[in-house]
$ cat input.txt   # compact mmCIF, C-alpha atoms
# COMPACT_ATOMS: atom_id res chain seq x y z
CA MET A 297 122.57 28.21 166.46
CA ARG A 298 123.16 24.69 167.71
CA ARG A 299 122.50 21.40 165.90
CA ALA A 300 123.37 17.74 166.38
CA ARG A 301 123.40 14.80 163.99
CA PRO A 302 124.46 11.17 164.22
CA LEU A 303 127.81 10.90 162.46
CA LEU A 304 131.15 9.17 162.98
CA GLY A 305 129.41 6.54 165.11
CA THR A 306 128.46 9.14 167.71
CA LEU A 307 126.57 12.40 167.99
CA VAL A 308 128.23 15.43 166.43
CA ASP A 309 127.14 18.72 167.98
CA ILE A 310 127.89 22.05 166.30
CA ALA A 311 127.22 25.36 168.03
CA ALA A 312 128.00 28.54 166.12
CA GLU A 313 127.56 32.26 166.53
CA GLY A 314 127.43 34.68 163.68
CA THR A 315 124.98 36.57 161.52
CA GLU A 316 121.69 34.78 160.77
CA ASP A 317 122.16 34.81 157.03
CA ILE A 318 125.33 32.70 157.10
CA LEU A 319 124.73 30.27 159.97
CA PRO A 320 122.34 27.69 158.45
CA ALA A 321 124.47 27.21 155.33
CA ALA A 322 127.68 27.19 157.34
CA ILE A 323 126.46 24.49 159.72
CA GLU A 324 125.00 22.43 156.88
CA ALA A 325 128.33 22.63 155.04
CA ALA A 326 130.20 21.68 158.22
CA PHE A 327 128.08 18.54 158.69
CA ALA A 328 128.59 17.71 154.99
CA SER A 329 132.35 17.92 155.42
CA ILE A 330 132.16 15.50 158.35
CA GLU A 331 130.09 13.12 156.27
CA ARG A 332 132.74 13.17 153.54
CA ILE A 333 135.46 12.25 156.04
CA GLN A 334 133.24 9.47 157.39
CA LYS A 335 132.86 8.06 153.87
CA LEU A 336 136.63 8.08 153.39
CA MET A 337 137.73 6.66 156.70
CA SER A 338 135.02 4.37 158.03
CA PHE A 339 136.17 0.84 158.82
CA HIS A 340 132.60 -0.35 158.29
CA ASP A 341 132.06 1.13 154.83
CA VAL A 342 133.34 -1.23 152.13
CA HIS A 343 133.90 1.67 149.72
CA SER A 344 135.98 3.79 152.10
CA ASP A 345 139.70 4.36 151.57
CA VAL A 346 140.31 2.41 154.80
CA SER A 347 138.46 -0.64 153.48
CA ARG A 348 140.25 -0.45 150.16
CA ILE A 349 143.59 -0.32 151.97
CA ASN A 350 142.54 -3.28 154.10
CA GLU A 351 141.52 -5.29 151.04
CA ALA A 352 144.70 -4.58 149.11
CA GLU A 353 147.32 -7.25 148.74
CA ALA A 354 150.92 -6.69 149.79
CA GLY A 355 152.79 -4.81 147.07
CA SER A 356 149.63 -3.50 145.42
CA ALA A 357 149.37 0.33 145.51
CA VAL A 358 146.04 1.93 146.46
CA ASP A 359 145.00 5.48 145.43
CA VAL A 360 143.55 7.43 148.32
CA ASP A 361 142.01 10.84 148.87
CA PRO A 362 144.45 13.60 149.88
CA HIS A 363 142.64 13.86 153.24
CA THR A 364 143.22 10.16 153.90
CA TYR A 365 146.83 10.52 152.87
CA ARG A 366 147.31 13.44 155.26
CA VAL A 367 145.88 11.41 158.15
CA LEU A 368 148.14 8.46 157.31
CA GLU A 369 151.17 10.76 157.14
CA PHE A 370 150.44 12.11 160.59
CA ALA A 371 149.67 8.65 162.00
CA LEU A 372 152.96 7.22 160.76
CA GLU A 373 154.91 10.23 162.02
CA LEU A 374 153.35 9.76 165.45
CA SER A 375 154.08 6.03 165.37
CA ASP A 376 157.71 6.82 164.71
CA VAL A 377 157.94 9.49 167.41
CA SER A 378 156.16 7.29 169.97
CA ALA A 379 158.17 4.18 169.06
CA GLY A 380 155.01 2.35 168.08
CA ALA A 381 152.85 3.25 171.10
CA PHE A 382 150.48 4.78 168.56
CA ASP A 383 149.84 2.35 165.74
CA ILE A 384 146.87 2.34 163.36
CA THR A 385 147.66 -1.22 162.29
CA THR A 386 146.31 -2.72 165.52
CA ALA A 387 142.91 -3.33 163.93
CA ALA A 388 143.32 -7.13 163.99
CA VAL A 389 143.38 -7.11 167.79
CA LEU A 390 140.25 -4.94 167.93
CA VAL A 391 138.50 -7.41 165.61
CA GLN A 392 139.56 -10.28 167.86
CA HIS A 393 137.99 -8.64 170.91
CA GLY A 394 134.79 -7.79 169.10
CA PHE A 395 135.29 -4.03 168.97
CA LEU A 396 135.42 -4.10 165.16
CA PRO A 397 133.58 -6.43 162.81
CA GLN A 398 135.29 -9.27 160.99
CA ILE A 399 136.49 -8.43 157.51
CA ALA A 400 137.80 -10.69 154.79
CA SER A 401 141.28 -10.73 156.23
CA ALA A 402 142.64 -14.11 155.30
CA GLN A 403 145.99 -12.84 154.15
CA ILE A 404 146.74 -10.43 157.00
CA SER A 405 150.18 -10.93 158.45
CA SER A 406 150.02 -10.90 162.24
CA ASP A 407 153.50 -9.35 162.28
CA ALA A 408 152.60 -6.31 160.20
CA THR A 409 153.04 -2.98 161.95
CA PHE A 410 152.90 0.67 160.93
CA ARG A 411 156.32 0.18 159.34
CA ASP A 412 154.70 -2.04 156.74
CA LEU A 413 152.59 0.77 155.30
CA ASP A 414 154.47 2.75 152.68
CA LEU A 415 153.30 6.19 151.60
CA LEU A 416 154.11 6.72 147.91
CA SER A 417 153.88 9.74 145.63
CA ASP A 418 150.55 10.87 144.17
CA HIS A 419 148.58 9.89 147.30
CA ARG A 420 149.13 6.17 146.92
CA VAL A 421 149.79 3.72 149.74
CA CYS A 422 151.11 0.18 149.67
CA TRP A 423 151.62 -2.68 152.13
CA ARG A 424 154.95 -4.40 152.51
CA ARG A 425 153.57 -7.20 154.66
CA LYS A 426 149.80 -6.97 154.46
CA GLY A 427 148.17 -5.54 157.56
CA CYS A 428 144.89 -4.01 158.61
CA ILE A 429 144.30 -0.40 159.65
CA ASP A 430 141.67 1.34 161.68
CA LEU A 431 141.58 5.12 161.90
CA GLY A 432 139.13 5.15 164.82
CA GLY A 433 141.69 6.79 167.08
CA ILE A 434 142.34 9.73 164.81
CA ALA A 435 139.65 10.21 162.13
CA LYS A 436 137.09 11.82 164.43
CA GLY A 437 139.60 14.50 165.37
CA PHE A 438 140.43 15.08 161.72
CA ALA A 439 136.74 15.37 160.85
CA VAL A 440 136.30 17.98 163.56
CA ASP A 441 139.21 19.95 162.08
CA ARG A 442 137.58 19.90 158.62
CA ALA A 443 134.27 21.12 160.07
CA ILE A 444 136.03 23.98 161.86
CA ALA A 445 137.75 25.01 158.61
CA VAL A 446 134.39 25.06 156.79
CA LEU A 447 132.74 27.17 159.51
CA ARG A 448 135.62 29.64 159.37
CA ALA A 449 135.44 29.81 155.59
CA HIS A 450 131.73 30.73 155.85
CA GLY A 451 132.57 33.70 158.07
CA VAL A 452 131.34 32.27 161.38
CA ALA A 453 132.67 34.31 164.31
CA THR A 454 132.61 31.76 167.15
CA ALA A 455 131.96 28.05 167.05
CA ILE A 456 132.55 24.77 168.80
CA VAL A 457 132.33 21.36 167.12
CA ASN A 458 132.00 18.36 169.44
CA ALA A 459 132.13 14.86 167.98
CA GLY A 460 131.29 12.54 170.86
CA GLY A 461 133.74 14.29 173.18
CA ASP A 462 136.45 15.25 170.67
CA LEU A 463 136.02 18.96 170.30
CA ARG A 464 137.56 22.11 168.89
CA CYS A 465 136.57 25.76 169.11
CA PHE A 466 137.46 29.15 167.71
CA GLY A 467 136.41 32.70 168.49
CA GLU A 468 135.23 33.29 172.05
CA ALA A 469 136.73 31.04 174.70
CA GLN A 470 134.53 28.11 175.72
CA PRO A 471 134.14 26.44 179.14
CA ILE A 472 134.88 22.72 178.90
CA HIS A 473 133.59 19.98 181.17
CA LEU A 474 134.86 16.48 181.75
CA ARG A 475 132.92 13.50 183.03
CA HIS A 476 134.25 11.78 186.11
CA PRO A 477 135.55 8.45 184.77
CA ASP A 478 133.64 6.50 187.37
CA ASP A 479 130.46 8.55 187.66
CA PRO A 480 129.04 10.09 184.52
CA THR A 481 126.59 12.24 186.48
CA LEU A 482 129.51 14.24 187.83
CA LEU A 483 131.15 16.80 185.60
CA MET A 484 134.33 18.63 186.37
CA GLY A 485 135.22 21.95 184.80
CA LEU A 486 138.49 21.55 182.97
CA GLY A 487 138.74 25.26 182.34
CA TRP A 488 138.35 27.47 179.31
CA LEU A 489 139.59 26.68 175.84
CA ALA A 490 140.34 29.32 173.21
CA ASP A 491 141.21 28.44 169.60
CA ALA A 492 142.24 24.91 170.43
CA ALA A 493 141.03 21.33 170.49
CA LEU A 494 140.47 18.79 173.25
CA ALA A 495 140.01 15.05 173.13
CA THR A 496 139.42 12.59 175.95
CA SER A 497 140.05 8.88 176.16
CA ALA A 498 138.29 6.86 178.84
CA GLY A 499 136.43 3.60 178.94
CA TYR A 500 133.14 4.49 180.53
CA PHE A 501 130.96 4.22 177.45
CA SER A 502 132.91 2.18 174.96
CA GLY A 503 134.21 -0.54 177.22
CA ARG A 504 133.12 -4.11 177.46
CA ASP A 505 133.08 -6.45 180.43
CA ILE A 506 135.00 -9.71 180.20
CA GLY A 507 134.30 -11.63 183.39
CA SER A 508 135.17 -9.26 186.18
CA ARG A 509 137.53 -7.17 184.06
CA ARG A 510 136.53 -4.33 181.85
CA ILE A 511 138.40 -3.92 178.57
CA GLU A 512 138.34 -1.06 176.14
CA PRO A 513 138.87 -0.62 172.45
CA LEU A 514 142.42 0.57 173.06
CA VAL A 515 145.27 -1.71 172.06
CA ASP A 516 148.70 -1.76 173.63
CA PRO A 517 150.77 -2.61 170.54
CA LYS A 518 153.64 -4.00 172.58
CA ARG A 519 151.58 -6.86 173.99
CA PRO A 520 149.31 -6.69 171.83
CA CYS A 521 145.94 -6.86 173.51
CA CYS A 522 143.14 -4.59 174.65
CA ILE A 523 143.93 -2.87 177.90
CA SER A 524 141.81 -2.14 180.93
CA TRP A 525 142.13 1.00 182.98
CA ASP A 526 140.00 3.20 185.21
CA GLY A 527 140.64 6.83 184.54
CA SER A 528 140.61 9.42 181.82
CA VAL A 529 143.18 11.21 179.74
CA SER A 530 142.39 14.51 178.04
CA VAL A 531 144.73 16.17 175.58
CA ALA A 532 144.49 19.77 174.43
CA ALA A 533 146.32 20.69 171.23
CA PRO A 534 146.19 23.21 168.36
CA ASP A 535 144.07 20.81 166.29
CA CYS A 536 141.73 17.93 167.03
CA MET A 537 143.49 15.21 165.03
CA THR A 538 146.60 15.77 167.17
CA ALA A 539 144.56 15.88 170.39
CA ASP A 540 142.67 12.70 169.44
CA ALA A 541 145.80 10.72 168.56
CA LEU A 542 147.85 11.91 171.51
CA THR A 543 145.32 10.66 174.08
CA LYS A 544 146.36 7.15 173.08
CA VAL A 545 150.06 7.95 173.37
CA VAL A 546 149.65 9.46 176.83
CA ARG A 547 147.80 6.36 178.02
CA LEU A 548 150.09 3.80 176.44
CA ALA A 549 153.46 5.53 176.80
CA PRO A 550 153.20 7.72 179.91
CA ASP A 551 156.97 8.00 180.37
CA ALA A 552 157.56 9.26 176.83
CA ALA A 553 154.45 11.45 176.96
CA PRO A 554 155.95 14.71 178.30
CA ASP A 555 158.46 14.97 175.44
CA ILE A 556 155.88 14.01 172.83
CA LEU A 557 153.40 16.55 174.21
CA GLU A 558 156.05 19.24 173.98
CA ARG A 559 156.90 18.29 170.42
CA PHE A 560 153.25 18.68 169.35
CA ASN A 561 152.60 21.77 171.48
CA ALA A 562 149.98 19.90 173.49
CA GLN A 563 148.80 19.49 177.07
CA ALA A 564 147.55 16.38 178.87
CA VAL A 565 145.28 16.14 181.90
CA VAL A 566 145.07 12.74 183.55
CA ILE A 567 142.43 11.81 186.11
CA ASP A 568 142.81 8.55 187.97
CA LYS A 569 142.82 7.11 191.46
CA LEU A 570 146.06 8.90 192.26
CA GLY A 571 144.58 12.29 191.54
CA SER A 572 144.52 14.76 188.68
CA ARG A 573 147.70 15.98 187.04
CA CYS A 574 148.71 17.84 183.94
CA CYS A 575 151.71 18.34 181.72
CA GLY A 576 152.52 20.57 178.76
CA GLN A 577 151.42 23.78 177.10
CA PRO A 578 148.76 25.55 179.25
CA TRP A 579 145.87 25.45 176.76
CA LEU A 580 143.24 25.07 179.49
CA LEU A 581 142.76 28.45 181.12
CA GLN A 582 141.23 29.22 184.49
CA GLU A 583 139.13 32.01 183.05
CA GLY A 584 137.69 32.85 179.68
CA ILE A 585 139.34 35.63 177.71
CA THR A 586 137.06 38.13 176.05
CA LYS A 587 138.26 39.09 172.59
CA MET B 1087 158.61 19.24 181.10
CA ARG B 1088 156.93 17.16 183.75
CA TRP B 1089 153.67 16.40 185.49
CA SER B 1090 152.19 18.81 187.99
CA PRO B 1091 148.90 18.74 189.91
CA PHE B 1092 145.87 19.82 187.92
CA LEU B 1093 143.43 21.87 189.89
CA ALA B 1094 139.91 22.29 188.65
CA ALA B 1095 138.71 25.87 188.74
CA PRO B 1096 136.79 26.67 191.93
CA ALA B 1097 133.03 26.15 191.68
CA ALA B 1098 133.72 24.15 188.57
CA ILE B 1099 132.25 20.88 189.74
CA VAL B 1100 128.83 20.46 188.32
CA SER B 1101 126.54 17.62 189.05
CA THR B 1102 124.05 16.78 186.36
CA VAL B 1103 121.98 14.97 188.97
CA PRO B 1104 120.49 11.78 187.63
CA ALA B 1105 119.01 13.39 184.55
CA SER B 1106 119.56 16.24 182.15
CA ALA B 1107 118.19 17.29 178.79
CA THR B 1108 119.38 19.34 175.84
CA VAL B 1109 116.77 20.69 173.46
CA TYR B 1110 118.00 21.47 169.96
CA LEU B 1111 114.82 21.88 167.98
CA THR B 1112 111.07 21.91 168.50
CA THR B 1113 108.95 19.97 166.02
CA ALA B 1114 108.21 23.12 164.01
CA GLN B 1115 111.88 24.13 163.99
CA ALA B 1116 112.94 20.65 162.88
CA GLN B 1117 110.38 20.70 160.07
CA HIS B 1118 111.74 24.02 158.89
CA ALA B 1119 115.36 22.90 159.24
CA ILE B 1120 114.87 19.81 157.09
CA PHE B 1121 112.26 21.11 154.62
CA PRO B 1122 112.62 24.90 154.56
CA GLY B 1123 109.60 26.60 153.01
CA ALA B 1124 107.43 23.48 152.90
CA SER B 1125 104.07 22.99 154.57
CA PHE B 1126 103.13 19.90 156.54
CA THR B 1127 99.96 17.87 156.94
CA SER B 1128 99.41 15.08 159.40
CA ALA B 1129 99.62 11.66 157.77
CA GLY B 1130 97.20 10.14 160.23
CA GLN B 1131 99.81 8.60 162.55
CA ALA B 1132 101.44 10.29 165.54
CA GLY B 1133 104.76 11.84 164.64
CA VAL B 1134 104.31 11.52 160.85
CA TRP B 1135 103.71 14.42 158.46
CA ARG B 1136 103.47 14.56 154.69
CA THR B 1137 105.32 17.51 153.17
CA SER B 1138 103.98 19.72 150.41
CA ASN B 1139 106.69 18.46 148.03
CA GLY B 1140 105.78 14.78 148.42
CA GLY B 1141 108.24 13.87 151.12
CA TYR B 1142 107.72 12.85 154.73
CA PHE B 1143 108.81 14.29 158.07
CA ILE B 1144 108.90 11.77 160.91
CA VAL B 1145 109.68 12.21 164.60
CA ASP B 1146 110.98 9.14 166.42
CA GLN B 1147 112.59 8.26 169.76
CA VAL B 1148 115.38 5.84 170.52
CA PHE B 1149 116.51 4.56 173.89
CA GLY B 1150 120.06 3.79 174.86
CA LYS B 1151 121.32 2.48 178.16
CA HIS B 1152 121.48 5.92 179.73
CA GLU B 1153 119.97 8.21 177.21
CA TYR B 1154 116.96 8.72 175.10
CA ILE B 1155 116.98 10.79 172.01
CA THR B 1156 114.15 12.40 170.07
CA TYR B 1157 115.10 12.99 166.47
CA ALA B 1158 113.55 13.82 163.14
CA VAL B 1159 114.03 12.15 159.76
CA GLY B 1160 113.20 13.85 156.50
CA ILE B 1161 112.42 11.45 153.66
CA ASN B 1162 112.60 12.59 150.05
CA PRO B 1163 109.80 11.86 147.57
CA ASN B 1164 112.00 9.10 146.11
CA GLY B 1165 112.23 7.35 149.49
CA THR B 1166 115.81 8.29 150.36
CA VAL B 1167 116.79 9.98 153.61
CA LYS B 1168 117.13 13.73 153.13
CA GLN B 1169 118.39 14.71 156.54
CA ILE B 1170 118.43 13.70 160.20
CA GLU B 1171 118.30 16.22 163.04
CA ILE B 1172 118.52 15.59 166.78
CA MET B 1173 115.62 17.36 168.47
CA LYS B 1174 116.12 16.48 172.11
CA TYR B 1175 118.73 14.59 174.02
CA ASN B 1176 117.96 13.24 177.49
CA GLU B 1177 120.40 11.40 179.63
CA SER B 1178 119.67 9.68 182.88
CA TYR B 1179 121.65 7.40 185.11
CA GLY B 1180 120.50 4.81 187.55
CA TYR B 1181 124.18 4.23 187.57
CA GLU B 1182 126.09 2.09 190.01
CA VAL B 1183 129.30 3.82 190.77
CA ARG B 1184 132.03 1.20 190.85
CA ASN B 1185 134.45 2.98 193.13
CA PRO B 1186 132.60 5.49 195.31
CA ALA B 1187 135.65 6.39 197.36
CA TRP B 1188 137.38 7.65 194.26
CA ARG B 1189 134.46 9.82 193.29
CA ALA B 1190 134.93 11.75 196.52
CA GLN B 1191 138.23 13.02 195.18
CA PHE B 1192 136.36 15.32 192.84
CA VAL B 1193 133.87 16.53 195.37
CA GLY B 1194 136.53 17.13 198.01
CA LYS B 1195 138.20 19.75 195.85
CA THR B 1196 135.14 21.94 195.86
CA ALA B 1197 135.01 22.81 199.56
CA GLY B 1198 133.50 26.27 199.73
CA SER B 1199 132.17 26.24 196.20
CA THR B 1200 128.58 25.79 195.12
CA LEU B 1201 127.33 22.79 193.25
CA GLN B 1202 125.36 24.03 190.30
CA LEU B 1203 122.52 22.11 188.79
CA ASN B 1204 122.51 22.87 185.16
CA SER B 1205 120.18 21.20 182.74
CA ASP B 1206 121.89 22.39 179.60
CA ILE B 1207 125.53 21.41 179.94
CA LYS B 1208 127.51 22.00 176.81
CA ASN B 1209 131.04 21.21 175.83
CA ILE B 1210 131.53 17.86 177.51
CA SER B 1211 134.69 16.07 176.57
CA GLY B 1212 134.79 12.33 176.93
CA ALA B 1213 131.13 11.64 176.29
CA THR B 1214 131.40 9.00 173.65
CA LEU B 1215 127.90 7.77 173.01
CA SER B 1216 127.14 5.46 170.18
CA SER B 1217 124.85 6.61 167.40
CA LYS B 1218 123.93 3.01 166.67
CA HIS B 1219 120.48 3.37 168.23
CA ILE B 1220 119.67 6.25 165.93
CA THR B 1221 120.91 4.36 162.90
CA ASP B 1222 118.69 1.42 163.89
CA GLY B 1223 115.81 3.82 164.46
CA VAL B 1224 116.19 5.33 161.01
CA LYS B 1225 116.14 1.83 159.47
CA ARG B 1226 112.93 1.12 161.34
CA VAL B 1227 111.40 4.42 160.19
CA LEU B 1228 112.31 3.66 156.58
CA GLN B 1229 110.74 0.20 156.82
CA MET B 1230 107.58 1.77 158.20
CA TYR B 1231 107.64 4.31 155.36
CA GLU B 1232 108.01 1.58 152.73
CA SER B 1233 105.21 -0.53 154.13
CA THR B 1234 102.65 2.10 155.13
CA LEU B 1235 103.39 5.46 153.55
CA ARG B 1236 105.09 5.18 150.19
CA GLY B 1237 102.86 5.75 147.21
CA ARG B 1238 99.80 6.63 149.29
$ encode --input "input.txt" --output "structure tokens"
Amino acid sequence: MRRARPLLGTLVDIAAEGTEDILPAAIEAAFASIERIQKLMSFHDVHSDVSRINEAEAGSAVDVDPHTYRVLEFALELSDVSAGAFDITTAAVLVQHGFLPQIASAQISSDATFRDLDLLSDHRVCWRRKGCIDLGGIAKGFAVDRAIAVLRAHGVATAIVNAGGDLRCFGEAQPIHLRHPDDPTLLMGLGWLADAALATSAGYFSGRDIGSRRIEPLVDPKRPCCISWDGSVSVAAPDCMTADALTKVVRLAPDAAPDILERFNAQAVVIDKLGSRCCGQPWLLQEGITK
Amino acid sequence: MRWSPFLAAPAAIVSTVPASATVYLTTAQAQHAIFPGASFTSAGQAGVWRTSNGGYFIVDQVFGKHEYITYAVGINPNGTVKQIEIMKYNESYGYEVRNPAWRAQFVGKTAGSTLQLNSDIKNISGATLSSKHITDGVKRVLQMYESTLRGR
């Protein structure tokens, strides 16, 4: 059974195999779990945890959902490990370039970084200097992980959840395709994926042209500005939140990437004008494995 | 740990050709998915059905730059959206490749393999399409419902 719905700002496609009596409820529950994550983490929803964090003044603690807290924990850990190459507090730059809408952000300190967000006990967070976060580079992956957990809990045997290109599967191995960064009509087989996740970062659909340059909603925190690049990075990892977040690290910190990929048990595949290369744990298999 | 060449599996290059389509649900299947057990009567406009429980089932299309999507909206008797389901997804490219020489890099690796034409490609990573058109479409459908269907 395969269904798709508009969620997370893209199309979420769920394909599942199992007995007929469990599939409809399982898929419905999986979409519902994605909707819950969307409500918690959407930059555009004024009631989301993200918006409440962005509205909070420095020093004022905000209660968040345990899911949100978990995502923030991982994001800050990755910021630390990547020396700031991954940083969810780059939202102000995205707003500046028109990739995110303006919010009431009068008091945002332009110097605030991930180090200014404190995680307190009881799922509370607090700004030191007030900043602005966007979980766009990580929340989709987390939502996919939640959907997978729900499908498993309903007894589904094999499934793949694909949220606009961030995907994860379990059960039978799945063949995965990648669009050529410069020609979306051309798909390349990346190989087979079994019980793992894959995310891809490339500018072909989300980018914006500024004069003759094309920029993307990806911020290099060290500059900080939106970068432009022709190519694609795919990361395979045990879970989709990790895969999603690591695509940014591989693009922005290519020298540090091999060690970071090893630390998170992940694999990267980069396609650009120089060719295609990979590094890390061999998640992508040449052939499917029958279980 | 370092970088090594990544080789696509042989015969793994697939061209979607300028257009491809994925069908998720027929109209009847979408009706059943959104309003299981209900019956449907035409409301006098194309693509609009009244359900036996006082709701509405509406089929609409939206067009993006490279795709068009047929989807269904179920509206509850109280006018709220019950559910949205994608019925058919078509993509098509009159696309100007920016760097054609680079594209050849992919094709070159497939010497000896067959190019498959597959109209139902699944599991594409990196296909980030915006759902904004659908969200706008649903708003339009709800406005139409409010002005022409509600309370009739």
$ closest_residue --input "input.txt" --among "B:Met1173, B:Gly1141, B:Asn1209, B:His1118" --to "A:Ala469" --atoms "all atoms listed in the file"
B:Asn1209
$ closest_residue --input "input.txt" --among "A:Ile567, A:Cys428, A:Ile472, A:Val346" --to "A:Trp579" --atoms "only C-alpha atoms"
A:Ile472
$ residues_around --input "input.txt" --residues "B:Tyr1231" --least-positions-apart "2" --cutoff "10 Å" --atoms "all atoms listed in the file" --output "MDAnalysis selection string"
chainID B and resid 1134 1142 1144 1161 1165 1225:1229 1233:1237
$ interface_residues --input "input.txt" --of "chain A" --to "chain B" --cutoff "7 Å" --atoms "all atoms listed in the file" --output "PyMOL selection string"
chain A and resi 298-302+305-307+460-462+471-475+478-479+481-487+495-498+501+554+569+572-576+582
$ atom_distance --input "input.txt" --atom1 "atom CA of A:Leu336" --atom2 "atom CA of A:Val308"
17.2 Å
$ residues_around --input "input.txt" --residues "stretch 446-455 of chain A" --least-positions-apart "3" --cutoff "9 Å" --atoms "only C-alpha atoms" --output "ChimeraX atom specification"
/A:310-315,318-319,321-323,325-326,329,441-443,464-469
$ atom_distance --input "input.txt" --atom1 "atom CA of A:Arg332" --atom2 "atom CA of A:Ala439"
8.6 Å
$ atom_distance --input "input.txt" --atom1 "atom CA of B:Val1159" --atom2 "atom CA of B:Phe1143"
5.9 Å
$ closest_residue --input "input.txt" --among "A:His343, A:Arg348, A:Arg420, A:Lys335" --to "A:Glu369" --atoms "only C-alpha atoms"
A:Arg420
$ residues_around --input "input.txt" --residues "A:Cys422" --least-positions-apart "3" --cutoff "10 Å" --atoms "only C-alpha atoms" --output "ChimeraX atom specification"
/A:349,352-359,412-416,425-426
$ write_last_selection --input "input.txt" --atoms "C-alpha atoms" --output "PDB file, in the coordinates of the input"
ATOM      1  CA  ILE A 349     143.590  -0.320 151.970  1.00  0.00           C
ATOM      2  CA  ALA A 352     144.700  -4.580 149.110  1.00  0.00           C
ATOM      3  CA  GLU A 353     147.320  -7.250 148.740  1.00  0.00           C
ATOM      4  CA  ALA A 354     150.920  -6.690 149.790  1.00  0.00           C
ATOM      5  CA  GLY A 355     152.790  -4.810 147.070  1.00  0.00           C
ATOM      6  CA  SER A 356     149.630  -3.500 145.420  1.00  0.00           C
ATOM      7  CA  ALA A 357     149.370   0.330 145.510  1.00  0.00           C
ATOM      8  CA  VAL A 358     146.040   1.930 146.460  1.00  0.00           C
ATOM      9  CA  ASP A 359     145.000   5.480 145.430  1.00  0.00           C
ATOM     10  CA  ASP A 412     154.700  -2.040 156.740  1.00  0.00           C
ATOM     11  CA  LEU A 413     152.590   0.770 155.300  1.00  0.00           C
ATOM     12  CA  ASP A 414     154.470   2.750 152.680  1.00  0.00           C
ATOM     13  CA  LEU A 415     153.300   6.190 151.600  1.00  0.00           C
ATOM     14  CA  LEU A 416     154.110   6.720 147.910  1.00  0.00           C
ATOM     15  CA  ARG A 425     153.570  -7.200 154.660  1.00  0.00           C
ATOM     16  CA  LYS A 426     149.800  -6.970 154.460  1.00  0.00           C
TER      17      LYS A 426
END
